[in-house]
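Just structure.txt here, compact mmCIF, C-alpha atoms:
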```
# COMPACT_ATOMS: atom_id res chain seq x y z
CA MET A 205 0.00 0.00 0.00
CA LYS A 206 2.78 2.36 0.98
CA PHE A 207 4.46 1.36 -2.23
CA MET A 208 1.60 2.53 -4.42
CA GLY A 209 1.20 5.57 -2.17
CA SER A 210 4.68 6.82 -3.09
CA ALA A 211 4.03 6.11 -6.76
CA ILE A 212 0.78 8.09 -6.65
CA ALA A 213 2.58 10.93 -4.86
CA ILE A 214 5.10 11.11 -7.70
CA LEU A 215 2.29 11.05 -10.23
CA ARG A 216 0.59 13.91 -8.39
CA LYS A 217 3.82 15.88 -8.33
CA ASP A 218 4.18 15.50 -12.09
CA ILE A 219 0.59 16.54 -12.74
CA LEU A 220 1.07 19.59 -10.56
CA LEU A 221 4.32 20.42 -12.33
CA GLU A 222 2.59 20.11 -15.68
CA LEU A 223 -0.32 22.29 -14.60
CA ARG A 224 2.06 25.01 -13.43
CA GLY A 225 4.82 24.81 -16.00
CA LYS A 226 2.96 23.37 -19.02
CA GLU A 227 6.30 22.19 -20.33
CA SER A 228 5.94 18.75 -21.80
CA LEU A 229 2.29 18.19 -22.65
CA SER A 230 1.88 21.43 -24.58
CA LEU A 231 5.07 20.69 -26.56
CA MET A 232 3.79 17.22 -27.36
CA LEU A 233 0.46 18.56 -28.55
CA PHE A 234 2.08 21.16 -30.79
CA LEU A 235 4.40 18.59 -32.29
CA SER A 236 1.45 16.25 -32.97
CA LEU A 237 -0.45 19.00 -34.72
CA LEU A 238 2.61 20.00 -36.70
CA LEU A 239 3.36 16.41 -37.76
CA LEU A 240 -0.22 15.92 -38.92
CA VAL A 241 0.12 19.01 -41.10
CA ILE A 242 3.45 17.77 -42.48
CA PHE A 243 1.99 14.36 -43.30
CA ASN A 244 -0.69 16.10 -45.29
CA PHE A 245 2.04 17.41 -47.63
CA ALA A 246 4.08 14.24 -47.61
CA LEU A 247 1.31 11.78 -48.42
CA ASP A 248 -1.68 11.79 -50.69
CA THR A 249 -4.36 11.95 -48.02
CA GLY A 250 -7.43 12.06 -50.24
CA LYS A 251 -10.75 10.73 -49.05
CA GLU A 252 -10.13 7.26 -50.48
CA ASN A 253 -6.66 6.87 -48.92
CA VAL A 254 -7.11 8.32 -45.48
CA SER A 255 -8.47 5.18 -43.86
CA SER A 256 -5.54 3.02 -44.93
CA LEU A 257 -2.98 5.71 -44.07
CA ALA A 258 -4.46 6.56 -40.68
CA PRO A 259 -2.77 3.82 -38.58
CA GLY A 260 0.67 4.62 -39.95
CA ILE A 261 0.36 8.37 -39.60
CA LEU A 262 -1.13 8.18 -36.13
CA TRP A 263 1.43 5.80 -34.69
CA VAL A 264 4.34 7.75 -36.12
CA VAL A 265 2.92 10.87 -34.51
CA PHE A 266 2.36 9.04 -31.21
CA THR A 267 5.91 7.72 -31.30
CA PHE A 268 7.68 10.98 -32.02
CA SER A 269 5.55 13.20 -29.80
CA GLY A 270 6.00 10.60 -27.09
CA ILE A 271 9.78 10.69 -27.41
CA LEU A 272 9.73 14.46 -27.12
CA GLY A 273 7.47 14.43 -24.07
CA MET A 274 9.25 11.68 -22.18
CA GLY A 275 12.66 13.20 -22.90
CA ARG A 276 11.37 16.50 -21.58
CA THR A 277 10.02 15.13 -18.30
CA SER A 278 13.29 13.28 -17.62
CA MET A 279 15.28 16.37 -18.40
CA ALA A 280 13.17 18.20 -15.81
CA GLU A 281 14.12 15.54 -13.25
CA ARG A 282 17.80 15.75 -14.14
CA ASP A 283 17.80 19.56 -13.98
CA GLU A 284 19.68 20.52 -10.86
CA ASP A 285 19.47 16.85 -9.87
CA ALA A 286 15.85 17.23 -8.79
CA TYR A 287 15.35 13.47 -8.90
CA LEU A 288 17.88 13.03 -6.11
CA SER A 289 15.37 14.35 -3.61
CA ILE A 290 13.15 11.41 -4.54
CA VAL A 291 16.08 9.00 -4.42
CA PHE A 292 16.92 10.17 -0.90
CA SER A 293 13.31 10.05 0.22
CA PRO A 294 11.87 6.87 1.77
CA ALA A 295 10.19 6.05 -1.56
CA SER A 296 11.76 2.98 -3.18
CA ALA A 297 13.30 2.98 -6.64
CA GLU A 298 10.45 0.75 -7.80
CA SER A 299 7.74 3.13 -6.69
CA PHE A 300 9.71 5.96 -8.31
CA TYR A 301 9.68 4.03 -11.56
CA ILE A 302 5.98 3.20 -11.36
CA GLY A 303 5.12 6.80 -10.52
CA LYS A 304 7.05 8.05 -13.54
CA VAL A 305 5.53 5.37 -15.78
CA LEU A 306 2.05 6.42 -14.68
CA SER A 307 2.68 10.10 -15.27
CA ASN A 308 4.23 9.46 -18.68
CA LEU A 309 1.32 7.15 -19.52
CA LEU A 310 -1.19 9.82 -18.54
CA PHE A 311 0.47 12.52 -20.64
CA LEU A 312 0.89 10.18 -23.61
CA VAL A 313 -2.77 9.15 -23.50
CA ILE A 314 -3.90 12.78 -23.34
CA MET A 315 -1.63 13.58 -26.28
CA GLU A 316 -3.03 10.63 -28.24
CA MET A 317 -6.62 11.61 -27.61
CA PHE A 318 -5.90 15.13 -28.87
CA THR A 319 -4.03 13.72 -31.85
CA LEU A 320 -7.03 11.55 -32.75
CA LEU A 321 -9.26 14.62 -32.47
CA PHE A 322 -6.91 16.73 -34.61
CA PHE A 323 -6.75 13.89 -37.09
CA ALA A 324 -10.54 13.58 -37.32
CA ILE A 325 -10.84 17.31 -37.94
CA LEU A 326 -7.90 17.92 -40.27
CA TYR A 327 -8.36 14.80 -42.38
CA ASP A 328 -12.15 14.83 -42.29
CA PHE A 329 -12.24 11.36 -40.73
CA GLU A 330 -14.85 11.42 -37.97
CA LYS A 331 -15.24 7.66 -38.19
CA ILE A 332 -12.15 7.21 -36.02
CA ILE A 333 -13.77 8.92 -33.04
CA GLY A 334 -16.75 6.60 -33.28
CA MET A 335 -14.46 3.57 -33.36
CA LEU A 336 -12.52 4.65 -30.31
CA PRO A 337 -13.96 1.94 -28.00
CA GLN A 338 -12.64 -0.79 -30.30
CA LEU A 339 -9.30 0.96 -30.76
CA LEU A 340 -8.79 1.61 -27.07
CA PRO A 341 -7.27 -1.75 -25.95
CA GLY A 342 -4.55 -1.55 -28.61
CA LEU A 343 -3.92 2.11 -27.89
CA LEU A 344 -3.61 1.63 -24.16
CA LEU A 345 -1.37 -1.44 -24.31
CA GLY A 346 0.86 0.20 -26.90
CA THR A 347 1.08 3.41 -24.90
CA LEU A 348 1.88 1.49 -21.75
CA GLY A 349 4.75 -0.17 -23.63
CA PHE A 350 5.97 3.24 -24.80
CA SER A 351 5.85 4.54 -21.26
CA LEU A 352 7.57 1.51 -19.70
CA VAL A 353 10.54 1.65 -22.09
CA GLY A 354 10.53 5.43 -22.46
CA THR A 355 10.67 6.10 -18.73
CA LEU A 356 13.67 3.81 -18.32
CA PHE A 357 15.53 4.97 -21.41
CA SER A 358 14.88 8.68 -21.01
CA PHE A 359 16.51 8.44 -17.59
CA LEU A 360 19.47 6.65 -19.13
CA THR A 361 20.01 9.04 -21.99
CA THR A 362 19.54 12.28 -20.09
CA ALA A 363 22.56 11.31 -17.98
CA SER A 364 24.75 11.25 -21.07
CA ARG A 365 26.58 14.12 -22.69
CA TYR A 366 24.09 14.10 -25.58
CA GLY A 367 21.06 14.39 -23.32
CA GLU A 368 17.64 13.61 -24.68
CA VAL A 369 18.94 13.69 -28.27
CA LEU A 370 20.17 10.15 -27.72
CA LEU A 371 16.75 8.86 -26.66
CA PRO A 372 15.33 7.97 -30.11
CA PHE A 373 18.45 5.95 -31.01
CA LEU A 374 17.95 3.61 -28.08
CA TYR A 375 14.20 3.79 -27.78
CA LEU A 376 13.01 3.30 -31.36
CA PRO A 377 14.64 -0.09 -32.09
CA VAL A 378 13.39 -1.53 -28.82
CA VAL A 379 9.77 -0.43 -29.27
CA VAL A 380 9.54 -1.82 -32.82
CA PRO A 381 7.20 -4.63 -31.63
CA ILE A 382 4.87 -2.05 -30.11
CA ILE A 383 4.79 0.09 -33.24
CA LEU A 384 4.16 -3.01 -35.35
CA GLY A 385 1.41 -4.16 -33.00
CA GLY A 386 -0.18 -0.73 -32.76
CA VAL A 387 -0.22 -0.07 -36.49
CA SER A 388 -1.35 -3.58 -37.41
CA SER A 389 -4.15 -3.82 -34.85
CA MET A 390 -5.45 -0.38 -35.77
CA ASP A 391 -5.30 -1.25 -39.45
CA ILE A 392 -7.27 -4.45 -38.88
CA ILE A 393 -9.96 -2.66 -36.88
CA LEU A 394 -10.26 0.42 -39.10
CA ASN A 395 -10.10 -1.30 -42.45
CA GLY A 396 -11.58 -4.67 -41.63
CA LYS A 397 -8.41 -6.47 -42.73
CA ALA A 398 -8.13 -10.17 -42.17
CA GLY A 399 -6.04 -11.61 -39.37
CA GLY A 400 -7.77 -10.42 -36.24
CA ALA A 401 -6.38 -7.75 -33.94
CA GLY A 402 -6.27 -10.22 -31.06
CA LYS A 403 -2.79 -11.58 -31.66
CA TRP A 404 -1.39 -8.06 -31.89
CA ILE A 405 -3.03 -7.16 -28.62
CA GLN A 406 -1.41 -10.30 -27.26
CA ILE A 407 2.09 -9.47 -28.39
CA MET A 408 1.79 -5.95 -26.97
CA ALA A 409 0.58 -7.42 -23.69
CA VAL A 410 3.53 -9.84 -23.61
CA PHE A 411 5.89 -6.96 -24.36
CA ASP A 412 4.37 -4.90 -21.54
CA VAL A 413 4.60 -7.68 -18.97
CA LEU A 414 8.18 -8.48 -19.97
CA TYR A 415 9.34 -4.88 -19.87
CA PHE A 416 7.47 -4.12 -16.70
CA ALA A 417 9.26 -6.96 -14.91
CA VAL A 418 12.72 -6.23 -16.32
CA SER A 419 12.52 -2.45 -15.93
CA LEU A 420 11.35 -2.79 -12.38
CA LEU A 421 14.49 -4.81 -11.67
CA LEU A 422 16.82 -2.50 -13.57
CA PHE A 423 15.56 0.97 -12.72
CA ARG A 424 17.36 1.12 -9.39
CA TYR A 425 20.72 0.90 -11.19
CA ILE A 426 19.94 3.99 -13.19
CA ILE A 427 19.10 6.31 -10.36
CA GLU A 428 21.65 4.89 -7.97
CA GLU A 429 24.44 7.36 -7.25
CA MET B 132 49.15 -13.84 -18.13
CA LYS B 133 46.69 -16.57 -18.96
CA THR B 134 44.67 -14.50 -21.42
CA ASN B 135 47.83 -13.73 -23.39
CA ARG B 136 48.62 -17.43 -23.81
CA THR B 137 45.08 -18.24 -24.88
CA ILE B 138 45.13 -15.41 -27.42
CA SER B 139 48.38 -16.71 -28.95
CA ILE B 140 47.08 -20.25 -29.13
CA LEU B 141 43.86 -19.10 -30.78
CA PHE B 142 45.83 -16.97 -33.20
CA PHE B 143 47.91 -19.91 -34.41
CA LEU B 144 44.81 -22.04 -34.60
CA LEU B 145 43.17 -19.44 -36.81
CA MET B 146 46.27 -19.22 -39.03
CA VAL B 147 45.60 -22.84 -39.90
CA MET B 148 41.82 -22.87 -39.82
CA MET B 149 41.09 -19.73 -41.85
CA PRO B 150 42.96 -20.68 -45.06
CA LEU B 151 41.73 -24.26 -44.74
CA ASN B 152 38.18 -22.98 -44.34
CA LEU B 153 38.49 -20.87 -47.49
CA TYR B 154 39.93 -23.83 -49.37
CA LEU B 155 37.04 -26.02 -48.27
CA ILE B 156 34.47 -23.40 -49.20
CA PHE B 157 35.86 -22.65 -52.66
CA LYS B 158 37.44 -25.94 -53.70
CA VAL B 159 35.89 -28.83 -51.82
CA ALA B 160 32.25 -27.81 -51.39
CA PRO B 161 30.26 -28.67 -54.53
CA THR B 162 28.63 -25.90 -56.53
CA GLU B 163 24.97 -25.56 -55.73
CA ARG B 164 22.76 -26.62 -58.63
CA ILE B 165 20.37 -23.65 -58.73
CA MET B 166 22.18 -20.78 -57.06
CA GLY B 167 25.63 -21.56 -58.38
CA ASP B 168 28.76 -20.13 -56.78
CA VAL B 169 26.84 -17.42 -54.97
CA GLN B 170 25.61 -20.03 -52.54
CA ARG B 171 29.15 -20.29 -51.13
CA ILE B 172 28.61 -17.04 -49.30
CA PHE B 173 26.31 -19.01 -47.00
CA TYR B 174 29.22 -20.71 -45.30
CA LEU B 175 30.44 -17.31 -44.17
CA HIS B 176 27.02 -15.77 -43.64
CA VAL B 177 25.68 -18.45 -41.32
CA SER B 178 28.97 -18.68 -39.41
CA LEU B 179 29.07 -14.92 -38.91
CA ALA B 180 25.49 -14.95 -37.68
CA SER B 181 26.28 -17.67 -35.14
CA GLY B 182 29.33 -15.71 -34.00
CA ALA B 183 27.26 -12.56 -33.57
CA PHE B 184 24.65 -14.43 -31.59
CA LEU B 185 27.28 -15.94 -29.33
CA ALA B 186 28.84 -12.53 -28.77
CA PHE B 187 25.54 -10.81 -27.91
CA THR B 188 24.69 -13.62 -25.52
CA CYS B 189 28.02 -13.02 -23.86
CA THR B 190 27.18 -9.29 -23.58
CA PHE B 191 23.87 -10.18 -21.98
CA VAL B 192 25.40 -12.54 -19.42
CA SER B 193 28.30 -10.19 -18.63
CA SER B 194 25.87 -7.30 -18.19
CA ILE B 195 23.88 -9.25 -15.62
CA LEU B 196 27.09 -10.27 -13.86
CA PHE B 197 28.26 -6.69 -13.77
CA LEU B 198 25.06 -5.40 -12.15
CA TRP B 199 25.27 -8.23 -9.68
CA LYS B 200 28.96 -8.16 -8.79
CA LYS B 201 29.74 -4.50 -9.57
CA ASN B 202 33.10 -5.53 -10.93
CA LEU B 203 34.29 -3.53 -13.95
CA VAL B 204 35.88 -6.65 -15.45
CA TRP B 205 32.38 -7.73 -16.44
CA ASP B 206 31.76 -4.43 -18.14
CA SER B 207 34.95 -4.78 -20.16
CA ALA B 208 33.79 -8.25 -21.14
CA ALA B 209 30.30 -7.01 -22.09
CA SER B 210 31.60 -4.20 -24.28
CA ALA B 211 34.28 -6.35 -25.91
CA ALA B 212 31.63 -8.92 -26.78
CA ALA B 213 29.24 -6.26 -28.04
CA GLU B 214 31.98 -4.88 -30.32
CA THR B 215 32.64 -8.31 -31.76
CA GLY B 216 28.91 -8.94 -32.13
CA LEU B 217 28.31 -5.62 -33.84
CA LEU B 218 31.13 -6.25 -36.31
CA PHE B 219 29.75 -9.68 -37.14
CA ALA B 220 26.16 -8.45 -37.38
CA THR B 221 27.31 -5.79 -39.85
CA LEU B 222 29.02 -8.46 -41.94
CA VAL B 223 25.93 -10.67 -41.73
CA LEU B 224 23.86 -7.87 -43.22
CA VAL B 225 26.44 -7.17 -45.93
CA THR B 226 26.96 -10.81 -46.95
CA GLY B 227 23.20 -11.40 -46.87
CA SER B 228 22.63 -8.44 -49.14
CA LEU B 229 25.33 -9.62 -51.58
CA TRP B 230 23.65 -13.00 -51.75
CA ALA B 231 20.13 -11.59 -52.08
CA ARG B 232 20.91 -9.44 -55.11
CA PRO B 233 21.46 -12.30 -57.60
CA ILE B 234 19.10 -14.79 -55.92
CA TRP B 235 16.09 -12.76 -54.76
CA ASN B 236 16.82 -9.99 -57.26
CA VAL B 237 16.78 -7.36 -54.50
CA TRP B 238 19.42 -5.96 -52.15
CA TRP B 239 17.04 -5.97 -49.27
CA THR B 240 13.65 -7.43 -48.39
CA TRP B 241 11.54 -7.05 -45.26
CA ASP B 242 11.87 -10.64 -44.23
CA PRO B 243 11.48 -11.25 -40.46
CA ARG B 244 14.97 -12.65 -40.08
CA LEU B 245 16.60 -9.76 -41.91
CA LEU B 246 14.55 -7.30 -39.96
CA THR B 247 15.47 -8.88 -36.62
CA VAL B 248 19.19 -8.65 -37.38
CA LEU B 249 18.84 -5.06 -38.55
CA ILE B 250 16.97 -3.98 -35.44
CA LEU B 251 19.50 -5.81 -33.30
CA TRP B 252 22.21 -3.92 -35.11
CA PHE B 253 20.51 -0.61 -34.28
CA ILE B 254 20.21 -1.56 -30.62
CA TYR B 255 23.92 -2.29 -30.29
CA VAL B 256 24.88 0.86 -32.19
CA GLY B 257 22.79 2.66 -29.58
CA TYR B 258 24.70 0.77 -26.90
CA PHE B 259 27.97 2.32 -28.10
CA LEU B 260 26.45 5.76 -28.62
CA LEU B 261 25.40 5.73 -24.99
CA ARG B 262 28.82 4.53 -23.85
CA GLY B 263 30.44 7.34 -25.79
CA GLY B 264 28.23 9.90 -24.09
CA ILE B 265 28.98 9.07 -20.47
CA ALA B 266 32.29 10.08 -18.93
CA ASP B 267 31.96 8.51 -15.51
CA ARG B 268 33.44 5.02 -15.76
CA PHE B 269 31.11 3.30 -13.36
CA LYS B 270 27.96 4.97 -14.65
CA LYS B 271 28.95 4.08 -18.18
CA ALA B 272 29.21 0.45 -17.16
CA GLN B 273 25.96 0.47 -15.25
CA TYR B 274 23.88 2.17 -17.94
CA SER B 275 25.23 0.15 -20.81
CA ALA B 276 24.59 -3.04 -18.81
CA VAL B 277 20.93 -2.04 -18.71
CA ILE B 278 20.92 -1.69 -22.51
CA GLY B 279 22.82 -4.97 -22.85
CA ILE B 280 20.03 -6.74 -20.97
CA ILE B 281 17.01 -4.91 -22.40
CA GLY B 282 18.27 -5.17 -25.97
CA TYR B 283 18.83 -8.89 -25.72
CA ILE B 284 15.45 -9.80 -24.30
CA ASP B 285 13.88 -7.81 -27.13
CA ILE B 286 15.14 -10.32 -29.71
CA PRO B 287 12.41 -12.96 -29.34
CA VAL B 288 9.66 -10.34 -29.19
CA ILE B 289 10.93 -8.65 -32.35
CA ARG B 290 11.20 -12.04 -34.02
CA TYR B 291 7.58 -12.96 -33.27
CA ALA B 292 6.20 -9.55 -34.11
CA THR B 293 7.96 -9.37 -37.47
CA LYS B 294 6.98 -12.94 -38.26
CA TRP B 295 3.30 -12.23 -37.67
CA TRP B 296 3.52 -8.98 -39.53
CA LYS B 297 5.01 -10.69 -42.55
CA SER B 298 2.65 -13.63 -42.42
CA ILE B 299 0.12 -11.27 -44.04
CA HIS B 300 2.45 -10.90 -47.03
CA PRO B 301 4.00 -13.85 -48.82
CA LEU B 302 7.58 -14.65 -47.99
CA LEU B 303 9.92 -14.26 -50.92
CA SER B 304 11.59 -17.61 -50.59
CA ARG B 305 13.20 -19.89 -48.10
CA GLU B 306 16.84 -20.75 -48.47
CA GLY B 307 18.54 -23.89 -47.24
CA GLY B 308 16.62 -27.12 -47.51
CA GLY B 309 18.57 -30.32 -47.89
CA LEU B 310 22.31 -29.81 -47.79
CA ASN B 311 24.43 -32.57 -49.26
CA PRO B 312 26.85 -34.24 -46.80
CA VAL B 313 29.97 -32.50 -48.15
CA MET B 314 28.26 -29.14 -47.89
CA LYS B 315 27.18 -29.98 -44.38
CA ASN B 316 30.72 -30.81 -43.30
CA VAL B 317 32.11 -27.66 -44.88
CA MET B 318 29.44 -25.70 -43.05
CA PHE B 319 30.40 -27.30 -39.74
CA PHE B 320 34.05 -26.51 -40.27
CA SER B 321 33.23 -22.93 -41.18
CA LEU B 322 31.08 -22.61 -38.08
CA ALA B 323 33.91 -23.91 -35.93
CA THR B 324 36.40 -21.53 -37.54
CA PHE B 325 34.21 -18.53 -36.94
CA LEU B 326 33.47 -19.49 -33.38
CA VAL B 327 37.21 -19.58 -32.75
CA LEU B 328 37.46 -16.19 -34.46
CA THR B 329 34.69 -14.83 -32.24
CA VAL B 330 36.44 -15.96 -29.09
CA PHE B 331 39.76 -14.67 -30.39
CA LEU B 332 38.43 -11.20 -31.23
CA PHE B 333 36.55 -11.06 -27.98
CA LEU B 334 39.62 -11.91 -25.89
CA PHE B 335 41.73 -9.52 -27.89
CA ARG B 336 39.38 -6.59 -27.28
CA PHE B 337 38.86 -7.67 -23.70
CA ARG B 338 42.57 -7.62 -23.01
CA LEU B 339 42.86 -4.19 -24.62
CA ALA B 340 40.03 -2.88 -22.44
CA ARG B 341 41.76 -4.23 -19.34
CA ILE B 342 45.05 -2.60 -20.33
CA GLU B 343 43.29 0.72 -20.93
CA GLU B 344 41.70 0.37 -17.53
CA ARG B 345 45.07 -0.15 -15.88
CA LEU B 346 46.54 2.78 -17.76
CA GLN B 347 43.76 5.06 -16.53
CA LYS B 348 44.39 3.90 -12.99
CA LEU B 349 48.12 4.59 -13.28
CA LYS B 350 47.44 8.00 -14.76
CA LYS B 351 45.24 8.83 -11.83
CA LEU B 352 47.92 7.68 -9.41
CA THR B 353 50.55 9.90 -10.98
CA GLU B 354 48.19 12.86 -10.95
CA ASP B 355 47.47 12.57 -7.24
```

Go ahead and express the file in the form of structure tokens.
Amino acid sequence: MKFMGSAIAILRKDILLELRGKESLSLMLFLSLLLLVIFNFALDTGKENVSSLAPGILWVVFTFSGILGMGRTSMAERDEDAYLSIVFSPASAESFYIGKVLSNLLFLVIMEMFTLLFFAILYDFEKIIGMLPQLLPGLLLGTLGFSLVGTLFSFLTTASRYGEVLLPFLYLPVVVPIILGGVSSMDIILNGKAGGAGKWIQIMAVFDVLYFAVSLLLFRYIIEE
Amino acid sequence: MKTNRTISILFFLLMVMMPLNLYLIFKVAPTERIMGDVQRIFYLHVSLASGAFLAFTCTFVSSILFLWKKNLVWDSAASAAAETGLLFATLVLVTGSLWARPIWNVWWTWDPRLLTVLILWFIYVGYFLLRGGIADRFKKAQYSAVIGIIGYIDIPVIRYATKWWKSIHPLLSREGGGLNPVMKNVMFFSLATFLVLTVFLFLFRFRLARIEERLQKLKKLTED
């Protein structure tokens, strides 16, 4: 109980920080919007194509905005070694990790919901909002995977000389299964493709369980001084 | 030093095995009926892949041992193995591409196996990027150990995901099939040769890392 209590406290701290500073979420939202505009130039997004392009565009936007956001929140922790006050507090490394995963997850989900809304408006594709209940399991499991790996790796990379610039190089190859699962399951649901989204949900779930267990074991080595 | 002796022995072993291996591949192994001489690249390709896999496994195990024992020897071992693995993985991709051009008629195809090796390659490039970015010796070891572990456990997940993804599209072709006995023996010898090479390169880099470590320590002593 105490364990989750510390995690929730860290989550609350991050929400408060975001409400006051508006540093990471607003940047993520702007990047999402900007990427959606760019994709409009890069791809032929006519009425007949938009449904088949949607999964790819959306998951690329989720991925890159997510990298930006998670890099930002870790940078904020590293600034003036703010995270050390958590390390020296009675909260365990594990609850620190879970707290950060939850806050990253929350911000990522908010960003994704806005991105879906922007997408529906800009690409005249309201159908996607109506299908949200079916899309939600894939979205949540994928985002959880992003958050589990991103929280760990953003803490790793921000300690290096290159800072958050290094994050995509480590993060992107590792989350390939999530991107594959996210795009494929969304494609199956949106476009009624054969194959069933179930197995993709499964592989994302396996990924999440695996990374949750391993990250929980490894996180203490990253914040240890 | 024991490592020094082992390295010399392996070196002499390789001096014999490498030319013999090439002779076997080009002179003894029969020419494949359909693919022709190009098929000979397989003896190298498969051996390199096995070497890379062995090396990355060694990185994984050494990374765990480092986090457990906190001894920098294990970090030197992990990075030496990762270097060897990365070199081999690069060569696997290159030799595979050279083979694919005449046989599949493309330099590259999004086959699950190819994709897994490529992603693996990216992960270990990231491993060295991170190492290059951290000055503190102990932190460098600790952080790269985390990547060494996370990257390795990603392999099966990537493999399954890419397999399922591709099962929607038809696979271009499957190589291999029945090897004739001479081919099989040549393949075994090539595998053995490259495993010796893997161990040799690993020990060589490992020794270098240890010497560098000692040099840094001495430098620090003279500065104080």

- What's the 10 Å shell around segment 341-348 of chain B, counting all atoms listed in the file, without same-chain residues fewer than 2 positions away, as a list in words?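 The residues satisfying every condition are Leu203, Val204, Ser207, Ala208, Arg268, Arg336, Phe337, Arg338, Leu339, Lys350, Lys351, Leu352, Thr353 and Glu354 of chain B.
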
- Message: I'd like the neighbourhood of Val248 of chain B as a count of residues only, where a residue qualifies if any of its atoms comes within 9 Å (using all atoms listed in the file), though same-chain residues fewer than 3 positions away should be ignored.
- Response: 12

- atom CA of Ala266 of chain B and atom CA of Ala417 of chain A, how far apart in Å?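 Going from atom CA of Ala417 of chain A over to atom CA of Ala266 of chain B covers 28.9 Å.
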
- Take atom CA of Val413 of chain A and atom CA of Leu309 of chain A and report the distance between them in Å, one decimal. 15.2 Å

- Message: Set the cut-off to 7 Å and count all atoms listed in the file: what are the residues of chain B that reach chain A? Output as a list in words.
- Response: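 Applying the cut-off to the listed atoms yields Ile250, Phe253, Ile254, Gly257, Leu261, Gly264, Ile265, Gln273, Tyr274, Val277, Gly282, Asp285, Val288, Ile289 and Ala292 of chain B.
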
- Task: Identify which of the residues B:Ala183, B:Leu196, B:Val313, B:Leu155 lies closest to Ala212 of chain B, counting all atoms listed in the file when measuring atom-to-atom distances.
- Result: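 Of all the options, B:Ala183 lies closest to Ala212 of chain B.
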
- Message: Could you tell me how far atom CA of Met274 of chain A sits from atom CA of Ser255 of chain A, in Å to one decimal place?
- Response: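 Taking atom CA of Ser255 of chain A and atom CA of Met274 of chain A, their separation equals 28.7 Å.
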
Is it possible to get the axis-aligned box enclosing segment 244-259 of chain A (all listed atoms, 5 Å extra per side) as JSON, with centre and edge lengths in Å rounded to one decimal?
```
{"center_x": -3.3, "center_y": 10.2, "center_z": -44.6, "size_x": 24.8, "size_y": 24.4, "size_z": 22.1}
```

- Go through A:Ser256, A:Thr319, A:Ser293, A:Thr355 one by one, measure the shortest atom-to-atom distance of each to Arg276 of chain A using only C-alpha atoms, and give the residue with the smallest value.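 Looking only at the distances to Arg276 of chain A, the closest residue turns out to be A:Thr355.
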
- Query: Looking at all atoms listed in the file, which of A:Pro294, A:Gly303, A:Gly270, A:Gly260 is the one that sits closest to Lys217 of chain A?
  - Reply: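 Closest to Lys217 of chain A of all the choices is A:Gly303.
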
- Message: If we count all atoms listed in the file and set the cut-off at 8 Å, which residues sit around segment 234-251 of chain A, ignoring sequence neighbours fewer than 3 positions away in its own chain? Please answer as a PyMOL selection string.
- Response: chain A and resi 230-231+254-255+257+261+265-266+269+315+319+322-323+327

Given the selection you just returned, output its residues as a file containing C-alpha atoms, formatted as a PDB file, keeping the file's coordinate frame.
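So part21.pdb came out as:
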```pdb
ATOM      1  CA  SER A 230       1.880  21.430 -24.580  1.00  0.00           C
ATOM      2  CA  LEU A 231       5.070  20.690 -26.560  1.00  0.00           C
ATOM      3  CA  VAL A 254      -7.110   8.320 -45.480  1.00  0.00           C
ATOM      4  CA  SER A 255      -8.470   5.180 -43.860  1.00  0.00           C
ATOM      5  CA  LEU A 257      -2.980   5.710 -44.070  1.00  0.00           C
ATOM      6  CA  ILE A 261       0.360   8.370 -39.600  1.00  0.00           C
ATOM      7  CA  VAL A 265       2.920  10.870 -34.510  1.00  0.00           C
ATOM      8  CA  PHE A 266       2.360   9.040 -31.210  1.00  0.00           C
ATOM      9  CA  SER A 269       5.550  13.200 -29.800  1.00  0.00           C
ATOM     10  CA  MET A 315      -1.630  13.580 -26.280  1.00  0.00           C
ATOM     11  CA  THR A 319      -4.030  13.720 -31.850  1.00  0.00           C
ATOM     12  CA  PHE A 322      -6.910  16.730 -34.610  1.00  0.00           C
ATOM     13  CA  PHE A 323      -6.750  13.890 -37.090  1.00  0.00           C
ATOM     14  CA  TYR A 327      -8.360  14.800 -42.380  1.00  0.00           C
TER      15      TYR A 327
END
```

- Message: Residues proximal to (39.6, -20.3, -39.4) were defined as those with any atom within 6 Å of that point in the file's coordinates, counting only C-alpha atoms. Which are they, as a list in words?
- Response: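 Residues lying no farther than 6 Å from the given point: Leu145, Met148, Met149, Asn152 and Thr324 of chain B.
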
Could you take the residues named above and write them with C-alpha atoms, as a PDB file, keeping the file's coordinate frame?
```pdb
ATOM      1  CA  LEU B 145      43.170 -19.440 -36.810  1.00  0.00           C
ATOM      2  CA  MET B 148      41.820 -22.870 -39.820  1.00  0.00           C
ATOM      3  CA  MET B 149      41.090 -19.730 -41.850  1.00  0.00           C
ATOM      4  CA  ASN B 152      38.180 -22.980 -44.340  1.00  0.00           C
ATOM      5  CA  THR B 324      36.400 -21.530 -37.540  1.00  0.00           C
TER       6      THR B 324
END
```

- Query: Counting only C-alpha atoms, which residues come within 12 Å of (37.0, -21.1, -49.8), with the point read in the file's coordinates, and could you list them as a ChimeraX atom specification?
  - Reply: /B:148-162,168-175,317-318,320-321

- Item | Residue with smallest distance to Leu348 of chain A - pool A:Leu394, A:Ala409, A:Leu288, A:Leu321, counting all atoms listed in the file |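 Answer, going by the shortest atom-to-atom distance: A:Ala409.
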
- Message: Would you pick out the contacts of Asn135 of chain B at 10 Å or less, using all atoms listed in the file, so that residues sharing its chain but fewer than 3 positions from it are not included, and give the list as number ranges by chain?
- Response: B: 132, 138-141, 334-335, 338
